[in-house]
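Read the structure below first, then the notes.
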Amino acid sequence: MAKSPEVKLAVFGRAGVGKSALVVRFLTKRFIWEYDPTLESTYRHQANIDDETVSMEILDTAGQEDVLQKEGHMRWGDGFILVYDITDRGSFEDVVPLKGLLDEVKRPKHVPLVLLGNKADLEHGRQVATEEGERLAADMACAFYECSACADQVGTGGGVAEAFHELCREIRRR
Ligand code: GDP
Ligand code: MG
């Protein structure tokens, strides 16, 4: 099996959208209900994606960083998962400025990106329609997933792992 170089992934989004839960879900297939919201962690992971072993380093940001810290994380990363919470419109509105900052930091390079609407299990509290997520992803020319860190395969299809894998593919395509 071919071995590829390491890719650096960073997960961004407002505090509370479920970044840590998603990362832990991806790494352990388990859901952790409470996770220190101020904690920023990096993890190493290997996955077999399209018959290739991909090594990844994953940065779970806290979501409360100032601009300088954010820029540092953006410079570090090769690809980014922008997470919002489908039950929190404000978290969705945070995505565009994040993408703007990413473009600024990475200019003139194309930025590999995935948009992820989390907490798709909380349909009753939904504030952001699936179509809005789809439209934003189309604007940003990136893949879009709705998923849930606490349930398998909810929403528009594709689980949490699929979002991470697709981001790795997007990075490798460049
Ligand atoms: P972070 O600040 O973005 O890292 O968010 P956390 O991962 O700490 O999650 C914030 C809160 O949302 C916690 O209480 C989690 O249990 C909860 N949470 C995270 N993901 C989901 C999800 O997919 N569905 C539901 N119902 N709750 C979630
Ligand atoms: Mg967290």
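The chains in the structure tokens are called A, B, ... from first to last as shown; in each chain the residues are counted from 1, and the ligands are counted from 1 in the order shown.
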* Set the cut-off to 8 Å, count only C-alpha atoms and all ligand atoms, and list whatever residues fall near ligand 2 as a list in words. =>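 Protein and nucleic-acid residues within 8 Å of ligand 2: Ala15, Gly16, Gly18, Lys19, Ser20, Ala21, Tyr35, Asp36, Pro37, Thr38, Leu39, Glu40, Asp60, Thr61, Ala62 and Gly63 of chain A.
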So which residues touch A:Asp85 within 6 Å, counting only C-alpha atoms, skipping near sequence neighbours fewer than 4 positions away, as an mmCIF file with C-alpha atoms, in the first residue's frame?
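Just written: result-v6.cif:
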```cif
data_model
loop_
_atom_site.group_PDB
_atom_site.id
_atom_site.type_symbol
_atom_site.label_atom_id
_atom_site.label_comp_id
_atom_site.auth_asym_id
_atom_site.auth_seq_id
_atom_site.Cartn_x
_atom_site.Cartn_y
_atom_site.Cartn_z
ATOM 1 C CA VAL A 17 -20.531 23.625 17.906
ATOM 2 C CA GLY A 117 -23.168 21.283 9.897
ATOM 3 C CA ASN A 118 -23.103 19.381 13.191
ATOM 4 C CA LYS A 119 -25.844 18.266 15.610
#
```
* To do: Can you list, as a ChimeraX atom specification, all residues belonging to stretch 10-164 of chain A that DSSP tags as alpha helix (DSSP H)?
  => /A:19-28,67-76,89-93,95-106,130-140,160-164
Kindly export the residues of the current selection with N, CA and C atoms, as a short mmCIF file (atom, residue, chain, number, x, y, z; two decimals), in the first residue's frame.
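This went into again_21.cif:
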```cif
data_model
loop_
_atom_site.label_atom_id
_atom_site.label_comp_id
_atom_site.auth_asym_id
_atom_site.auth_seq_id
_atom_site.Cartn_x
_atom_site.Cartn_y
_atom_site.Cartn_z
N LYS A 19 -16.82 20.67 17.94
CA LYS A 19 -15.55 20.32 17.30
C LYS A 19 -14.85 19.17 18.01
N SER A 20 -14.77 19.28 19.34
CA SER A 20 -14.06 18.23 20.09
C SER A 20 -14.82 16.92 19.99
N ALA A 21 -16.15 16.99 20.09
CA ALA A 21 -16.95 15.77 20.00
C ALA A 21 -16.77 15.12 18.64
N LEU A 22 -16.68 15.91 17.59
CA LEU A 22 -16.51 15.36 16.24
C LEU A 22 -15.14 14.70 16.08
N VAL A 23 -14.12 15.38 16.59
CA VAL A 23 -12.76 14.83 16.45
C VAL A 23 -12.64 13.53 17.24
N VAL A 24 -13.18 13.55 18.46
CA VAL A 24 -13.12 12.34 19.28
C VAL A 24 -13.95 11.23 18.64
N ARG A 25 -15.05 11.60 18.07
CA ARG A 25 -15.90 10.64 17.35
C ARG A 25 -15.14 9.99 16.20
N PHE A 26 -14.47 10.83 15.43
CA PHE A 26 -13.69 10.35 14.29
C PHE A 26 -12.58 9.41 14.75
N LEU A 27 -11.92 9.77 15.83
CA LEU A 27 -10.76 9.00 16.27
C LEU A 27 -11.14 7.73 17.01
N THR A 28 -12.26 7.76 17.73
CA THR A 28 -12.57 6.62 18.61
C THR A 28 -13.91 5.97 18.30
N VAL A 67 -7.45 36.77 16.86
CA VAL A 67 -7.14 36.68 15.42
C VAL A 67 -5.72 36.17 15.17
N LEU A 68 -4.78 36.63 15.99
CA LEU A 68 -3.39 36.22 15.80
C LEU A 68 -3.22 34.72 15.96
N GLN A 69 -3.87 34.17 17.00
CA GLN A 69 -3.80 32.72 17.22
C GLN A 69 -4.46 31.97 16.08
N LYS A 70 -5.62 32.49 15.64
CA LYS A 70 -6.31 31.86 14.51
C LYS A 70 -5.42 31.82 13.28
N GLU A 71 -4.78 32.96 13.00
CA GLU A 71 -3.92 33.03 11.83
C GLU A 71 -2.78 32.02 11.93
N GLY A 72 -2.25 31.87 13.13
CA GLY A 72 -1.18 30.89 13.34
C GLY A 72 -1.66 29.49 13.01
N HIS A 73 -2.84 29.14 13.48
CA HIS A 73 -3.41 27.82 13.21
C HIS A 73 -3.67 27.63 11.72
N MET A 74 -4.09 28.72 11.07
CA MET A 74 -4.40 28.64 9.65
C MET A 74 -3.13 28.46 8.83
N ARG A 75 -2.05 29.13 9.27
CA ARG A 75 -0.78 28.96 8.57
C ARG A 75 -0.28 27.53 8.72
N TRP A 76 -0.53 26.95 9.88
CA TRP A 76 -0.07 25.59 10.18
C TRP A 76 -0.78 24.54 9.32
N ARG A 89 -27.80 29.59 14.64
CA ARG A 89 -27.58 30.39 13.43
C ARG A 89 -26.32 31.22 13.51
N GLY A 90 -26.04 31.73 14.70
CA GLY A 90 -24.83 32.55 14.86
C GLY A 90 -23.57 31.78 14.48
N SER A 91 -23.55 30.51 14.78
CA SER A 91 -22.37 29.71 14.45
C SER A 91 -22.22 29.55 12.94
N PHE A 92 -23.36 29.56 12.25
CA PHE A 92 -23.36 29.49 10.78
C PHE A 92 -22.84 30.81 10.21
N GLU A 93 -23.25 31.90 10.84
CA GLU A 93 -22.81 33.22 10.38
C GLU A 93 -21.32 33.46 10.64
N VAL A 95 -19.08 31.37 9.83
CA VAL A 95 -18.30 30.61 8.84
C VAL A 95 -17.67 31.53 7.79
N VAL A 96 -18.46 32.48 7.27
CA VAL A 96 -17.96 33.33 6.19
C VAL A 96 -16.72 34.14 6.62
N PRO A 97 -16.77 34.80 7.81
CA PRO A 97 -15.55 35.49 8.25
C PRO A 97 -14.35 34.55 8.42
N LEU A 98 -14.60 33.33 8.89
CA LEU A 98 -13.50 32.37 9.03
C LEU A 98 -12.89 32.07 7.67
N LYS A 99 -13.75 31.84 6.69
CA LYS A 99 -13.28 31.55 5.33
C LYS A 99 -12.52 32.75 4.78
N GLY A 100 -12.99 33.97 5.10
CA GLY A 100 -12.31 35.18 4.64
C GLY A 100 -10.90 35.26 5.21
N LEU A 101 -10.78 34.96 6.50
CA LEU A 101 -9.47 35.01 7.15
C LEU A 101 -8.55 33.93 6.56
N LEU A 102 -9.11 32.74 6.31
CA LEU A 102 -8.34 31.66 5.70
C LEU A 102 -7.77 32.09 4.35
N ASP A 103 -8.63 32.66 3.52
CA ASP A 103 -8.18 33.09 2.19
C ASP A 103 -7.06 34.12 2.30
N GLU A 104 -7.22 35.02 3.29
CA GLU A 104 -6.22 36.06 3.48
C GLU A 104 -4.88 35.45 3.88
N VAL A 105 -4.94 34.50 4.84
CA VAL A 105 -3.72 33.89 5.35
C VAL A 105 -3.04 33.04 4.28
N LYS A 106 -3.83 32.34 3.49
CA LYS A 106 -3.27 31.37 2.53
C LYS A 106 -3.04 31.97 1.14
N THR A 130 -30.83 22.79 5.62
CA THR A 130 -29.82 22.05 4.88
C THR A 130 -29.43 22.80 3.60
N GLU A 131 -30.44 23.38 2.93
CA GLU A 131 -30.17 24.07 1.65
C GLU A 131 -29.24 25.27 1.86
N GLU A 132 -29.34 25.91 3.03
CA GLU A 132 -28.47 27.05 3.30
C GLU A 132 -27.01 26.59 3.40
N GLY A 133 -26.82 25.45 4.06
CA GLY A 133 -25.47 24.88 4.15
C GLY A 133 -24.95 24.52 2.77
N GLU A 134 -25.82 23.90 1.98
CA GLU A 134 -25.44 23.51 0.62
C GLU A 134 -25.05 24.72 -0.21
N ARG A 135 -25.85 25.79 -0.07
CA ARG A 135 -25.58 26.99 -0.85
C ARG A 135 -24.25 27.62 -0.44
N LEU A 136 -24.00 27.69 0.86
CA LEU A 136 -22.75 28.28 1.34
C LEU A 136 -21.56 27.45 0.85
N ALA A 137 -21.70 26.13 0.91
CA ALA A 137 -20.61 25.26 0.44
C ALA A 137 -20.37 25.47 -1.05
N ALA A 138 -21.45 25.65 -1.81
CA ALA A 138 -21.29 25.90 -3.25
C ALA A 138 -20.56 27.22 -3.47
N ASP A 139 -20.91 28.24 -2.69
CA ASP A 139 -20.22 29.54 -2.77
C ASP A 139 -18.73 29.39 -2.48
N MET A 140 -18.42 28.53 -1.52
CA MET A 140 -17.02 28.37 -1.12
C MET A 140 -16.33 27.27 -1.92
N VAL A 160 -19.19 11.32 9.95
CA VAL A 160 -18.12 12.21 10.37
C VAL A 160 -16.81 11.82 9.66
N ALA A 161 -16.55 10.51 9.60
CA ALA A 161 -15.30 10.04 8.99
C ALA A 161 -15.23 10.47 7.52
N GLU A 162 -16.38 10.41 6.85
CA GLU A 162 -16.40 10.78 5.44
C GLU A 162 -15.95 12.24 5.24
N ALA A 163 -16.33 13.11 6.13
CA ALA A 163 -15.93 14.51 6.03
C ALA A 163 -14.41 14.66 6.17
N PHE A 164 -13.83 13.95 7.14
CA PHE A 164 -12.38 14.01 7.32
C PHE A 164 -11.67 13.40 6.11
#
```
* Compare A:Val7, A:Ala143, A:Leu167, A:Leu115 by their minimum atom-to-atom distance to A:Thr53, counting only C-alpha atoms, and give me the closest one. =>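 Ranking A:Val7, A:Ala143, A:Leu167, A:Leu115 by distance to A:Thr53, first place goes to A:Val7.
The two atoms in question, atom CA of A:Ala151 and atom CA of A:Asp78, are spaced 27.8 Å apart.
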* Tell me, which residues of chain A carry DSSP strand (DSSP E or B), written as a count of residues only? -> 43
* Calculate how many Å separate atom CA of A:Met56 from atom 22 (C, counted along the ligand's line) of ligand 1, rounding to one decimal. =>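 About the pair atom CA of A:Met56 and atom 22 (C, counted along the ligand's line) of ligand 1: they are 23.1 Å apart.
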* Contacts of A:Leu59 at 6 Å or less, counting only C-alpha atoms, minus same-chain residues fewer than 4 places along, as a list of chain:residue names? ->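 After dropping sequence-adjacent residues, the list is A:Ala10, A:Ser41, A:Thr42.
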Can those selected residues be exported to a file as a CSV table (one decimal), in the first residue's frame so that it contains N, CA and C atoms?
```csv
chain,number,residue,atom,x,y,z
A,10,ALA,N,-7.1,21.2,10.5
A,10,ALA,CA,-7.5,22.0,11.6
A,10,ALA,C,-9.0,22.1,11.6
A,41,SER,N,-6.3,20.8,21.4
A,41,SER,CA,-5.5,19.6,21.4
A,41,SER,C,-5.1,19.2,19.9
A,42,THR,N,-4.0,18.5,19.8
A,42,THR,CA,-3.7,17.9,18.5
A,42,THR,C,-3.6,16.4,18.7
```
* Given only C-alpha atoms and all ligand atoms as the counted atoms, nearest of A:Gln127, A:Cys142, A:Glu166, A:Ala120 to ligand 1 ->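 Result for the nearest residue to ligand 1: A:Ala120.
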* Measure the distance from atom CA of A:Arg44 to atom CA of A:Leu9 in Å and round it to one decimal. =>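 It comes out at 10.1 Å.
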